[in-house]
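Peer 1: Before anything else, here's the structure in question.
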Amino acid sequence: MCGIVGYVGDDDALPVILDGLKRLEYRGYDSAGVCLRTDPLTVHKKAGEVDELVEAAPESSEATCGVGHTRWSTHGEPTDENAHPHADEARRYAVVHNGIIDNHAELRDELEDRGHVFESDTDTEVVPHLLSEAEGELVERLGAVVERLEGSYALACVSADSDEVVVARQDSPLVVGHGDDANYVGSDVTAFVEHTRRVSYLHDGDIARVTADSIEVWNDGESVDRAVETVDWDVEAAEKGGYEHYMLKEIHEQPRALRKTVSERTDEVEGEALLDVSDEVLAEHDRVEFVACGTSYHAALYARRLFEEYADISATAEYASEYDGPHAPEETLVVAVTQSGETADTLSATRRAAREGATTVAVTNTVGSTAARETDETVYIRAGPEIGVAATKTFASQVVTLALVAVAAGRARDALPASEASSVLADLRDVPGAVQRVLDNEDRVAETAEEYGWDDAFFYVGRRLGYPVALEGALKLKEISYDHAEGFPAGELKHGPLALVTPDTPVLAVMTDGTRPRETLNNVKEVESRGAPVVAVTSSDADEGARLADTVFRVPSLGDMEPLLANVYLQMFAYHVARLKDRPIDKPRNLAKSVTVE
Ligand code: F6R
């Protein structure tokens with residue numbers, strides 16, 4: 001959560017920073033601000049979206065160095081005062097911050113006792129005041145200040161004295177960009193990818209000084225080199241490309257993203273999944289524990305079944321925030337599923353597992369992320385950048401990547417014959433085309449959204465692989481339409497939730513192959529007899545479910561991947577209901593794309 005951008009170069013810093021903030025807005029949009037390096041420093045900040053800041057700020061400036069921030073509130077209401085950057089009283093030091101400073105109250109008391117006057121309720125504001133008391137150049141001051149901080153931070157600081165941005169990282173991502181005659185700072189590459197694709201990811205404990213012609217990094221007082229990497233996507237990939245919303249663009253991007261996910265990873269002749277993860281890691285563990293949050297947790301629930309089926313291995317999926325550590329660390333492979341690779345709950349579950357001796361694997365979209373760096377092995381889902389706060393294409397790429405890993409585990413453990421592996425791999429290779437065939441039905445989904453979308457409560461049901469999809473369908477709808485939506489195992493309806501079912505509560509049932517559709521049919525009959533409209537997603541050849549439901553969507557025949565195809569209908573349904581209600585689809589209230597606090 002929260003986005004940071006910094007610039008030092010020859011050009012006017014203000015437009016560069018404001019553009020970066022617009023791109024970072026998916027990380028938080030409660031308030032935004034910019035600090036320009038003038039003497040004293042100039043700060044513009046505003047509650048609300050970046051557009052409000054753009055209106056309030058001048059069109060240009062004389063400054064060639066500065067930092068900006070877009071905020072998802074943790075400490076303090078989303079007001080002008082609490083917006084970052086925060087500065088000391090004399091406007092000599094200013095700071096933008098992602099993360100939480102746990103000991104801020106104690107530091108604030110101490111500073112107030114020494115006469116400092118605070119303007120905000122944030123944890124961050126202690127930092128510029130501490131900088132003003134420290135000694136030496138900005139980099140030395142920040143080095144001394146971080147010694148006093150407990151908690152997590154990505155900090156970017158400027159001083160009135162020199163054209164440089166000094167940054168520090170602990171448990172919150174930070175990346176520096178190497179430009180021509182300019183250098184950049186970002187909480188992620190999106191902040192500056194239109195200017196440079198050459199980046200270095202900072203590590204925990206790093207402090208860096210960024211000037212127009214140099215980037216120097218230290219860790220624990222020692223100068224260190226951080227590799228320069230080239231990101232393989234450009235600004236086009238992060239723009240809307242003619243769609244009304246990023247979410248819709250990303251829903252439609254799924255075939256392309258999935259092609260990248262499977263590309264060169266299937267050998268159907270030999271029945272092998274070709275991944276970077278070592279066979280020993282997959283063969284030597286008797287248990288897999290997935291840890292994840294939100295949508296990634298639903299992908300993990302899906303994967304858990306595939307691992308049991310293909311690899312004959314006991315597998316569980318837990319919310320990362322509820323995870324107590326591996327049951328038998330030596331025998332357990334702990335798999336962190338995380339699009340961003342920065343979710344605090346998932347990182348802390350993975351760290352706990354590693355401390356207790358388990359082998360850890362990250363399944364992530366983000367190269368250079370903390371999860372990728374801290375785990376023993378990493379498998380990338382290769383979905384490309386996802387800007388919409390509601391995850392769509394990354395869910396599909398997670399499920400397909402995890403299916404590949406499950407096949408690899410099955411082969412490494414001699415649990416999956418080559419012929420069966422070949423047929424699963426053939427299905428996985430066909431997922432992109434099948435998703436496209438589902439997407440081609442968008443008009444019908446939009447009509448269904450118009451028919452049922454005005455109700456206020458929605459239930460989603462499914463069994464087996466249909467259950468995580470029911471949960472995901474409900475999560476998507478509640479996130480972006482603000483309607484009440486719940487997902488249940490279809491068989492559980494009659495054990496309580498059925499009391500909520502009325503003619504005004506549409507029920508969306510996942511009834512494809514891989515979800516025990518015959519059993520779910522009984523549950524559909526139960527809700528129909530209470531008058532609820534039923535929207536069913538079935539396999540192409542299913543008759544019975546189709547006869548009973550009010551609306552039927554069909555998916556192409558694709559074995560265990562059929563529920564994933566059903567999910568694409570549910571994504572489009574959520575999108576069109578939210579659009580009908582004129583919701584801010586890419587920026588749902590109270591949410592942020594990457595949640596870096598526990
Ligand atoms: C929902 C959504 C969130 C994330 C969750 C985990 O649309 O995007 O539920 O799935 O915050 O994020 P990652 O996958 O980055 O760990």
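Chains: A, B, ... in order of the structure tokens. Residues: from 1 per chain. Ligands: from 1, in order shown.
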Return as a CSV table (one decimal) with C-alpha atoms, in the first residue's frame every polymer residue, whether protein, DNA or RNA, with at least one atom no more than 6 Å from an atom of ligand 1; count only C-alpha atoms and all ligand atoms.
Peer 2:
```csv
chain,number,residue,atom,x,y,z
A,293,CYS,CA,-4.4,-13.9,1.4
A,294,GLY,CA,-7.5,-12.9,-0.5
A,295,THR,CA,-7.6,-13.9,-4.1
A,296,SER,CA,-4.2,-15.6,-3.8
A,338,THR,CA,1.3,-13.8,-3.6
A,339,GLN,CA,0.8,-11.7,-6.7
A,340,SER,CA,2.8,-8.7,-5.3
A,341,GLY,CA,5.3,-10.7,-3.3
A,343,THR,CA,1.9,-8.8,1.3
A,389,VAL,CA,-7.0,-3.3,-7.4
A,390,ALA,CA,-9.3,-6.3,-7.9
A,391,ALA,CA,-7.1,-9.2,-9.0
A,594,SER,CA,-0.6,-4.3,-2.1
A,595,VAL,CA,-1.1,-4.6,1.6
```
Peer 1: Residues of stretch 128-362 of chain A in alpha helix (DSSP H) according to DSSP, as a PyMOL selection string?
Peer 2: chain A and resi 128-133+138-146+246-252+254-262+279-283+294-311+344-355
Peer 1: Have a look at atom CA of A:Arg197 and atom CA of A:Tyr246 and let me know their distance in Å, one decimal.
Peer 2: 21.4 Å
Peer 1: Choose the residue, out of A:Glu89, A:Gly559, A:Glu250, A:Ala299, that has the smallest atom-to-atom separation from A:Glu133; count only C-alpha atoms.
Peer 2: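 Going through A:Glu89, A:Gly559, A:Glu250, A:Ala299 one by one, the smallest distance to A:Glu133 is for A:Glu89.
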Peer 1: Please provide the set of residues having any atom within 9 Å of A:Val335, restricted to only C-alpha atoms, with same-chain residues fewer than 4 positions apart removed, written as a PyMOL selection string.
Peer 2: chain A and resi 288-292+300+350+359-363
Peer 1: Compare A:Arg141, A:His75, A:His97, A:Arg352 by their minimum atom-to-atom distance to A:Ser120, counting only C-alpha atoms, and give me the closest one.
Peer 2: A:His75
Peer 1: Find the residue from A:Val127, A:Val507, A:Val597, A:Val43 that sits nearest to A:Gly473; use only C-alpha atoms when measuring.
Peer 2: A:Val507
Peer 1: Can you tell me, as a PDB file with N, CA, C and O atoms, in the first residue's frame, what residues are no more than 12 Å from A:Leu402 when counting only C-alpha atoms, ignoring any on the same chain fewer than 2 positions away?
Peer 2:
```
ATOM      1  N   THR A 261       2.228 -17.482 -19.284  1.00  0.00           N
ATOM      2  CA  THR A 261       2.376 -18.360 -18.115  1.00  0.00           C
ATOM      3  C   THR A 261       2.805 -19.764 -18.540  1.00  0.00           C
ATOM      4  O   THR A 261       3.681 -20.375 -17.921  1.00  0.00           O
ATOM      5  N   VAL A 262       2.195 -20.282 -19.604  1.00  0.00           N
ATOM      6  CA  VAL A 262       2.486 -21.685 -19.981  1.00  0.00           C
ATOM      7  C   VAL A 262       3.624 -21.799 -20.994  1.00  0.00           C
ATOM      8  O   VAL A 262       4.194 -22.891 -21.149  1.00  0.00           O
ATOM      9  N   ALA A 273       6.370 -30.994 -16.842  1.00  0.00           N
ATOM     10  CA  ALA A 273       6.223 -29.539 -16.693  1.00  0.00           C
ATOM     11  C   ALA A 273       7.621 -28.986 -16.490  1.00  0.00           C
ATOM     12  O   ALA A 273       8.368 -29.464 -15.633  1.00  0.00           O
ATOM     13  N   LEU A 275       9.836 -26.330 -15.189  1.00  0.00           N
ATOM     14  CA  LEU A 275       9.862 -25.166 -14.285  1.00  0.00           C
ATOM     15  C   LEU A 275      11.238 -25.052 -13.658  1.00  0.00           C
ATOM     16  O   LEU A 275      12.012 -26.019 -13.658  1.00  0.00           O
ATOM     17  N   VAL A 277      11.841 -24.798 -10.545  1.00  0.00           N
ATOM     18  CA  VAL A 277      11.908 -25.363  -9.193  1.00  0.00           C
ATOM     19  C   VAL A 277      12.530 -26.773  -9.261  1.00  0.00           C
ATOM     20  O   VAL A 277      12.257 -27.541 -10.177  1.00  0.00           O
ATOM     21  N   PHE A 290       0.093 -24.320   1.772  1.00  0.00           N
ATOM     22  CA  PHE A 290       0.008 -23.056   1.055  1.00  0.00           C
ATOM     23  C   PHE A 290      -0.379 -21.965   2.038  1.00  0.00           C
ATOM     24  O   PHE A 290      -1.265 -22.167   2.880  1.00  0.00           O
ATOM     25  N   SER A 296      -5.337 -14.634  -3.774  1.00  0.00           N
ATOM     26  CA  SER A 296      -4.245 -15.613  -3.840  1.00  0.00           C
ATOM     27  C   SER A 296      -4.561 -16.826  -2.973  1.00  0.00           C
ATOM     28  O   SER A 296      -4.169 -17.960  -3.293  1.00  0.00           O
ATOM     29  N   HIS A 298      -7.529 -18.016  -2.617  1.00  0.00           N
ATOM     30  CA  HIS A 298      -8.458 -18.833  -3.404  1.00  0.00           C
ATOM     31  C   HIS A 298      -7.691 -19.653  -4.442  1.00  0.00           C
ATOM     32  O   HIS A 298      -8.026 -20.820  -4.685  1.00  0.00           O
ATOM     33  N   ALA A 299      -6.643 -19.058  -5.028  1.00  0.00           N
ATOM     34  CA  ALA A 299      -5.808 -19.823  -5.967  1.00  0.00           C
ATOM     35  C   ALA A 299      -5.140 -20.981  -5.217  1.00  0.00           C
ATOM     36  O   ALA A 299      -5.017 -22.095  -5.738  1.00  0.00           O
ATOM     37  N   ALA A 300      -4.730 -20.714  -3.980  1.00  0.00           N
ATOM     38  CA  ALA A 300      -4.082 -21.764  -3.177  1.00  0.00           C
ATOM     39  C   ALA A 300      -5.061 -22.892  -2.851  1.00  0.00           C
ATOM     40  O   ALA A 300      -4.701 -24.079  -2.879  1.00  0.00           O
ATOM     41  N   LEU A 301      -6.325 -22.527  -2.562  1.00  0.00           N
ATOM     42  CA  LEU A 301      -7.336 -23.564  -2.286  1.00  0.00           C
ATOM     43  C   LEU A 301      -7.547 -24.455  -3.511  1.00  0.00           C
ATOM     44  O   LEU A 301      -7.737 -25.666  -3.398  1.00  0.00           O
ATOM     45  N   TYR A 302      -7.525 -23.809  -4.665  1.00  0.00           N
ATOM     46  CA  TYR A 302      -7.663 -24.557  -5.929  1.00  0.00           C
ATOM     47  C   TYR A 302      -6.463 -25.504  -6.064  1.00  0.00           C
ATOM     48  O   TYR A 302      -6.601 -26.699  -6.350  1.00  0.00           O
ATOM     49  N   ALA A 303      -5.279 -24.948  -5.843  1.00  0.00           N
ATOM     50  CA  ALA A 303      -4.042 -25.718  -6.038  1.00  0.00           C
ATOM     51  C   ALA A 303      -3.931 -26.888  -5.068  1.00  0.00           C
ATOM     52  O   ALA A 303      -3.413 -27.949  -5.404  1.00  0.00           O
ATOM     53  N   ARG A 304      -4.420 -26.687  -3.864  1.00  0.00           N
ATOM     54  CA  ARG A 304      -4.344 -27.734  -2.845  1.00  0.00           C
ATOM     55  C   ARG A 304      -4.934 -29.034  -3.385  1.00  0.00           C
ATOM     56  O   ARG A 304      -4.363 -30.111  -3.255  1.00  0.00           O
ATOM     57  N   ARG A 305      -6.097 -28.918  -4.023  1.00  0.00           N
ATOM     58  CA  ARG A 305      -6.759 -30.104  -4.590  1.00  0.00           C
ATOM     59  C   ARG A 305      -5.908 -30.718  -5.704  1.00  0.00           C
ATOM     60  O   ARG A 305      -5.811 -31.928  -5.824  1.00  0.00           O
ATOM     61  N   LEU A 306      -5.338 -29.849  -6.539  1.00  0.00           N
ATOM     62  CA  LEU A 306      -4.552 -30.369  -7.667  1.00  0.00           C
ATOM     63  C   LEU A 306      -3.324 -31.113  -7.159  1.00  0.00           C
ATOM     64  O   LEU A 306      -2.933 -32.138  -7.708  1.00  0.00           O
ATOM     65  N   PHE A 307      -2.710 -30.580  -6.109  1.00  0.00           N
ATOM     66  CA  PHE A 307      -1.537 -31.260  -5.541  1.00  0.00           C
ATOM     67  C   PHE A 307      -1.938 -32.627  -5.008  1.00  0.00           C
ATOM     68  O   PHE A 307      -1.211 -33.610  -5.184  1.00  0.00           O
ATOM     69  N   TYR A 310      -2.748 -34.776  -8.351  1.00  0.00           N
ATOM     70  CA  TYR A 310      -1.657 -35.094  -9.288  1.00  0.00           C
ATOM     71  C   TYR A 310      -0.420 -35.641  -8.570  1.00  0.00           C
ATOM     72  O   TYR A 310       0.332 -36.412  -9.147  1.00  0.00           O
ATOM     73  N   ALA A 311      -0.168 -35.177  -7.362  1.00  0.00           N
ATOM     74  CA  ALA A 311       1.108 -35.519  -6.720  1.00  0.00           C
ATOM     75  C   ALA A 311       0.927 -36.432  -5.521  1.00  0.00           C
ATOM     76  O   ALA A 311       1.907 -36.800  -4.866  1.00  0.00           O
ATOM     77  N   VAL A 335       4.406 -23.096   0.560  1.00  0.00           N
ATOM     78  CA  VAL A 335       4.317 -22.355  -0.704  1.00  0.00           C
ATOM     79  C   VAL A 335       3.539 -21.058  -0.459  1.00  0.00           C
ATOM     80  O   VAL A 335       2.355 -21.089  -0.092  1.00  0.00           O
ATOM     81  N   ALA A 336       4.224 -19.933  -0.643  1.00  0.00           N
ATOM     82  CA  ALA A 336       3.577 -18.626  -0.486  1.00  0.00           C
ATOM     83  C   ALA A 336       3.048 -18.202  -1.848  1.00  0.00           C
ATOM     84  O   ALA A 336       3.817 -18.086  -2.799  1.00  0.00           O
ATOM     85  N   VAL A 337       1.743 -18.002  -1.924  1.00  0.00           N
ATOM     86  CA  VAL A 337       1.148 -17.556  -3.192  1.00  0.00           C
ATOM     87  C   VAL A 337       0.843 -16.073  -3.026  1.00  0.00           C
ATOM     88  O   VAL A 337       0.037 -15.693  -2.172  1.00  0.00           O
ATOM     89  N   THR A 338       1.506 -15.236  -3.794  1.00  0.00           N
ATOM     90  CA  THR A 338       1.336 -13.791  -3.618  1.00  0.00           C
ATOM     91  C   THR A 338       1.658 -13.056  -4.906  1.00  0.00           C
ATOM     92  O   THR A 338       2.797 -13.123  -5.391  1.00  0.00           O
ATOM     93  N   VAL A 361       8.775 -21.862  -0.905  1.00  0.00           N
ATOM     94  CA  VAL A 361       8.707 -21.535  -2.336  1.00  0.00           C
ATOM     95  C   VAL A 361       7.749 -20.348  -2.492  1.00  0.00           C
ATOM     96  O   VAL A 361       6.695 -20.324  -1.860  1.00  0.00           O
ATOM     97  N   ALA A 362       8.119 -19.385  -3.326  1.00  0.00           N
ATOM     98  CA  ALA A 362       7.189 -18.272  -3.630  1.00  0.00           C
ATOM     99  C   ALA A 362       6.621 -18.489  -5.022  1.00  0.00           C
ATOM    100  O   ALA A 362       7.356 -18.818  -5.949  1.00  0.00           O
ATOM    101  N   VAL A 363       5.313 -18.316  -5.148  1.00  0.00           N
ATOM    102  CA  VAL A 363       4.680 -18.295  -6.462  1.00  0.00           C
ATOM    103  C   VAL A 363       4.158 -16.870  -6.617  1.00  0.00           C
ATOM    104  O   VAL A 363       3.204 -16.470  -5.945  1.00  0.00           O
ATOM    105  N   THR A 364       4.833 -16.084  -7.419  1.00  0.00           N
ATOM    106  CA  THR A 364       4.568 -14.645  -7.446  1.00  0.00           C
ATOM    107  C   THR A 364       4.629 -14.080  -8.858  1.00  0.00           C
ATOM    108  O   THR A 364       5.159 -14.717  -9.771  1.00  0.00           O
ATOM    109  N   THR A 378      11.652 -19.826  -6.328  1.00  0.00           N
ATOM    110  CA  THR A 378      10.576 -18.940  -6.804  1.00  0.00           C
ATOM    111  C   THR A 378      10.058 -19.434  -8.152  1.00  0.00           C
ATOM    112  O   THR A 378      10.849 -19.819  -9.012  1.00  0.00           O
ATOM    113  N   VAL A 379       8.749 -19.424  -8.292  1.00  0.00           N
ATOM    114  CA  VAL A 379       8.148 -19.701  -9.599  1.00  0.00           C
ATOM    115  C   VAL A 379       7.331 -18.468  -9.962  1.00  0.00           C
ATOM    116  O   VAL A 379       6.463 -18.052  -9.197  1.00  0.00           O
ATOM    117  N   TYR A 380       7.627 -17.898 -11.125  1.00  0.00           N
ATOM    118  CA  TYR A 380       6.912 -16.694 -11.550  1.00  0.00           C
ATOM    119  C   TYR A 380       5.664 -17.067 -12.343  1.00  0.00           C
ATOM    120  O   TYR A 380       5.684 -18.008 -13.133  1.00  0.00           O
ATOM    121  N   ILE A 381       4.598 -16.278 -12.113  1.00  0.00           N
ATOM    122  CA  ILE A 381       3.348 -16.581 -12.816  1.00  0.00           C
ATOM    123  C   ILE A 381       3.274 -15.858 -14.159  1.00  0.00           C
ATOM    124  O   ILE A 381       2.402 -16.159 -14.974  1.00  0.00           O
ATOM    125  N   THR A 394      -4.195 -12.203 -12.679  1.00  0.00           N
ATOM    126  CA  THR A 394      -3.167 -12.863 -11.872  1.00  0.00           C
ATOM    127  C   THR A 394      -3.729 -14.100 -11.175  1.00  0.00           C
ATOM    128  O   THR A 394      -3.006 -15.059 -10.938  1.00  0.00           O
ATOM    129  N   PHE A 395      -5.051 -14.092 -10.871  1.00  0.00           N
ATOM    130  CA  PHE A 395      -5.653 -15.302 -10.301  1.00  0.00           C
ATOM    131  C   PHE A 395      -5.533 -16.443 -11.314  1.00  0.00           C
ATOM    132  O   PHE A 395      -5.104 -17.550 -10.988  1.00  0.00           O
ATOM    133  N   ALA A 396      -5.903 -16.161 -12.566  1.00  0.00           N
ATOM    134  CA  ALA A 396      -5.849 -17.203 -13.595  1.00  0.00           C
ATOM    135  C   ALA A 396      -4.415 -17.707 -13.755  1.00  0.00           C
ATOM    136  O   ALA A 396      -4.166 -18.927 -13.812  1.00  0.00           O
ATOM    137  N   SER A 397      -3.455 -16.775 -13.800  1.00  0.00           N
ATOM    138  CA  SER A 397      -2.063 -17.203 -13.988  1.00  0.00           C
ATOM    139  C   SER A 397      -1.539 -17.950 -12.764  1.00  0.00           C
ATOM    140  O   SER A 397      -0.718 -18.857 -12.896  1.00  0.00           O
ATOM    141  N   GLN A 398      -2.022 -17.573 -11.585  1.00  0.00           N
ATOM    142  CA  GLN A 398      -1.609 -18.318 -10.383  1.00  0.00           C
ATOM    143  C   GLN A 398      -2.090 -19.759 -10.461  1.00  0.00           C
ATOM    144  O   GLN A 398      -1.340 -20.702 -10.206  1.00  0.00           O
ATOM    145  N   VAL A 399      -3.383 -19.923 -10.820  1.00  0.00           N
ATOM    146  CA  VAL A 399      -3.939 -21.285 -10.833  1.00  0.00           C
ATOM    147  C   VAL A 399      -3.199 -22.146 -11.859  1.00  0.00           C
ATOM    148  O   VAL A 399      -2.809 -23.282 -11.573  1.00  0.00           O
ATOM    149  N   VAL A 400      -2.943 -21.574 -13.036  1.00  0.00           N
ATOM    150  CA  VAL A 400      -2.276 -22.365 -14.076  1.00  0.00           C
ATOM    151  C   VAL A 400      -0.822 -22.667 -13.677  1.00  0.00           C
ATOM    152  O   VAL A 400      -0.330 -23.787 -13.854  1.00  0.00           O
ATOM    153  N   LEU A 404       0.870 -26.355 -13.010  1.00  0.00           N
ATOM    154  CA  LEU A 404       2.146 -26.832 -13.577  1.00  0.00           C
ATOM    155  C   LEU A 404       3.044 -27.387 -12.470  1.00  0.00           C
ATOM    156  O   LEU A 404       3.677 -28.427 -12.624  1.00  0.00           O
ATOM    157  N   VAL A 405       3.088 -26.670 -11.354  1.00  0.00           N
ATOM    158  CA  VAL A 405       3.932 -27.148 -10.245  1.00  0.00           C
ATOM    159  C   VAL A 405       3.385 -28.485  -9.722  1.00  0.00           C
ATOM    160  O   VAL A 405       4.152 -29.400  -9.401  1.00  0.00           O
ATOM    161  N   ALA A 406       2.049 -28.601  -9.669  1.00  0.00           N
ATOM    162  CA  ALA A 406       1.451 -29.856  -9.179  1.00  0.00           C
ATOM    163  C   ALA A 406       1.821 -31.018 -10.122  1.00  0.00           C
ATOM    164  O   ALA A 406       2.127 -32.121  -9.666  1.00  0.00           O
ATOM    165  N   VAL A 407       1.822 -30.738 -11.427  1.00  0.00           N
ATOM    166  CA  VAL A 407       2.234 -31.786 -12.379  1.00  0.00           C
ATOM    167  C   VAL A 407       3.705 -32.136 -12.146  1.00  0.00           C
ATOM    168  O   VAL A 407       4.078 -33.320 -12.071  1.00  0.00           O
ATOM    169  N   ALA A 408       4.544 -31.103 -12.006  1.00  0.00           N
ATOM    170  CA  ALA A 408       5.976 -31.357 -11.781  1.00  0.00           C
ATOM    171  C   ALA A 408       6.168 -32.180 -10.507  1.00  0.00           C
ATOM    172  O   ALA A 408       6.979 -33.119 -10.467  1.00  0.00           O
ATOM    173  N   ALA A 409       5.391 -31.865  -9.465  1.00  0.00           N
ATOM    174  CA  ALA A 409       5.508 -32.610  -8.201  1.00  0.00           C
ATOM    175  C   ALA A 409       5.044 -34.049  -8.408  1.00  0.00           C
ATOM    176  O   ALA A 409       5.675 -34.997  -7.917  1.00  0.00           O
ATOM    177  N   LEU A 428      -3.740 -27.497 -19.963  1.00  0.00           N
ATOM    178  CA  LEU A 428      -3.190 -26.207 -19.514  1.00  0.00           C
ATOM    179  C   LEU A 428      -2.806 -25.349 -20.715  1.00  0.00           C
ATOM    180  O   LEU A 428      -3.034 -24.140 -20.734  1.00  0.00           O
ATOM    181  N   MET A 561      -9.528 -27.583 -15.380  1.00  0.00           N
ATOM    182  CA  MET A 561      -9.437 -26.127 -15.595  1.00  0.00           C
ATOM    183  C   MET A 561     -10.811 -25.512 -15.875  1.00  0.00           C
ATOM    184  O   MET A 561     -10.937 -24.301 -16.006  1.00  0.00           O
TER     185      MET A 561
END
```
Peer 1: So how far away is atom CA of A:Trp72 from atom CA of A:Ser31, in Å?
Peer 2: 7.5 Å
Peer 1: May I have the residues within 10 Å of A:Leu558 as a list in words, using only C-alpha atoms and disregarding those fewer than 3 positions away in the same chain?
Peer 2: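 In the requested form, the answer reads Val424, Ala426, Asp427, Leu428, Asp430, Val431, Ala434, Thr512, Asp513, Gly514, Ser539, Ser540, Val555, Met561, Glu562, Pro563, Leu564 and Leu565 of chain A.
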Peer 1: Just the residues within 7 Å of A:Leu107, please, counting only C-alpha atoms, with nothing from its chain fewer than 4 positions along; format it as a list in words.
Peer 2: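 Counting only C-alpha atoms, the residues come to Asn103, Leu111 and Val126 of chain A.
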Peer 1: Produce a file of the selected residues containing all heavy atoms, as a PDB file, in the first residue's frame.
Peer 2:
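Output saved as out_3.pdb:
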```
ATOM      1  N   ASN A 103       7.327   2.149  16.900  1.00  0.00           N
ATOM      2  CA  ASN A 103       7.652   2.907  18.119  1.00  0.00           C
ATOM      3  C   ASN A 103       7.471   4.417  17.937  1.00  0.00           C
ATOM      4  O   ASN A 103       8.122   5.218  18.598  1.00  0.00           O
ATOM      5  CB  ASN A 103       9.094   2.603  18.578  1.00  0.00           C
ATOM      6  CG  ASN A 103      10.133   2.953  17.527  1.00  0.00           C
ATOM      7  OD1 ASN A 103       9.813   3.020  16.341  1.00  0.00           O
ATOM      8  ND2 ASN A 103      11.364   3.172  17.952  1.00  0.00           N
ATOM      9  N   LEU A 111      10.380  13.681  21.191  1.00  0.00           N
ATOM     10  CA  LEU A 111      10.618  14.874  20.362  1.00  0.00           C
ATOM     11  C   LEU A 111       9.800  16.059  20.874  1.00  0.00           C
ATOM     12  O   LEU A 111      10.285  17.197  20.925  1.00  0.00           O
ATOM     13  CB  LEU A 111      10.267  14.573  18.893  1.00  0.00           C
ATOM     14  CG  LEU A 111      11.295  13.700  18.151  1.00  0.00           C
ATOM     15  CD1 LEU A 111      10.646  12.966  16.973  1.00  0.00           C
ATOM     16  CD2 LEU A 111      12.465  14.558  17.651  1.00  0.00           C
ATOM     17  N   VAL A 126       7.564  11.569  12.729  1.00  0.00           N
ATOM     18  CA  VAL A 126       8.753  11.579  13.612  1.00  0.00           C
ATOM     19  C   VAL A 126      10.035  11.618  12.785  1.00  0.00           C
ATOM     20  O   VAL A 126      11.061  12.149  13.237  1.00  0.00           O
ATOM     21  CB  VAL A 126       8.786  10.352  14.575  1.00  0.00           C
ATOM     22  CG1 VAL A 126       7.622  10.398  15.549  1.00  0.00           C
ATOM     23  CG2 VAL A 126       8.827   9.023  13.838  1.00  0.00           C
TER      24      VAL A 126
END
```
Peer 1: Find the residue from A:Leu493, A:Val281, A:Cys2, A:Leu131 that sits nearest to A:Asn98; use only C-alpha atoms when measuring.
Peer 2: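 Of all the options, A:Cys2 lies closest to A:Asn98.
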Peer 1: Show me, as JSON, numbers by chain, the residues that have an atom within 12 Å of A:Asp586 when counting only C-alpha atoms, minus same-chain residues fewer than 5 positions from it.
Peer 2: {"A": [25, 26, 27, 28, 29, 240, 243, 244, 245, 246, 247, 248, 249, 250, 386, 387, 388, 389, 390, 391, 392, 476, 479, 480, 481, 575, 578, 579, 591, 592, 593]}
Peer 1: Counting only C-alpha atoms, figure out which residue out of A:Val469, A:Val145, A:Ala574, A:Ala191 gets nearest to A:Ala238.
Peer 2: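 Checking each of A:Val469, A:Val145, A:Ala574, A:Ala191 against A:Ala238, counting only C-alpha atoms, the winner is A:Ala191.
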Peer 1: May I ask which of the residues A:Ala168, A:Leu465, A:Cys157, A:Ala237 is the closest one to A:Arg23, counting only C-alpha atoms?
Peer 2: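 Looking at the shortest contact to A:Arg23, the residue is A:Ala237.
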Peer 1: If you run DSSP on the backbone, which residues of stretch 141-353 of chain A are strand (DSSP E or B), as a PyMOL selection string?
Peer 2: chain A and resi 151-159+162-170+175-178+183-186+198-201+206-210+215-219+222-224+229-230+266-267+272-273+287-292+314-319+332-338
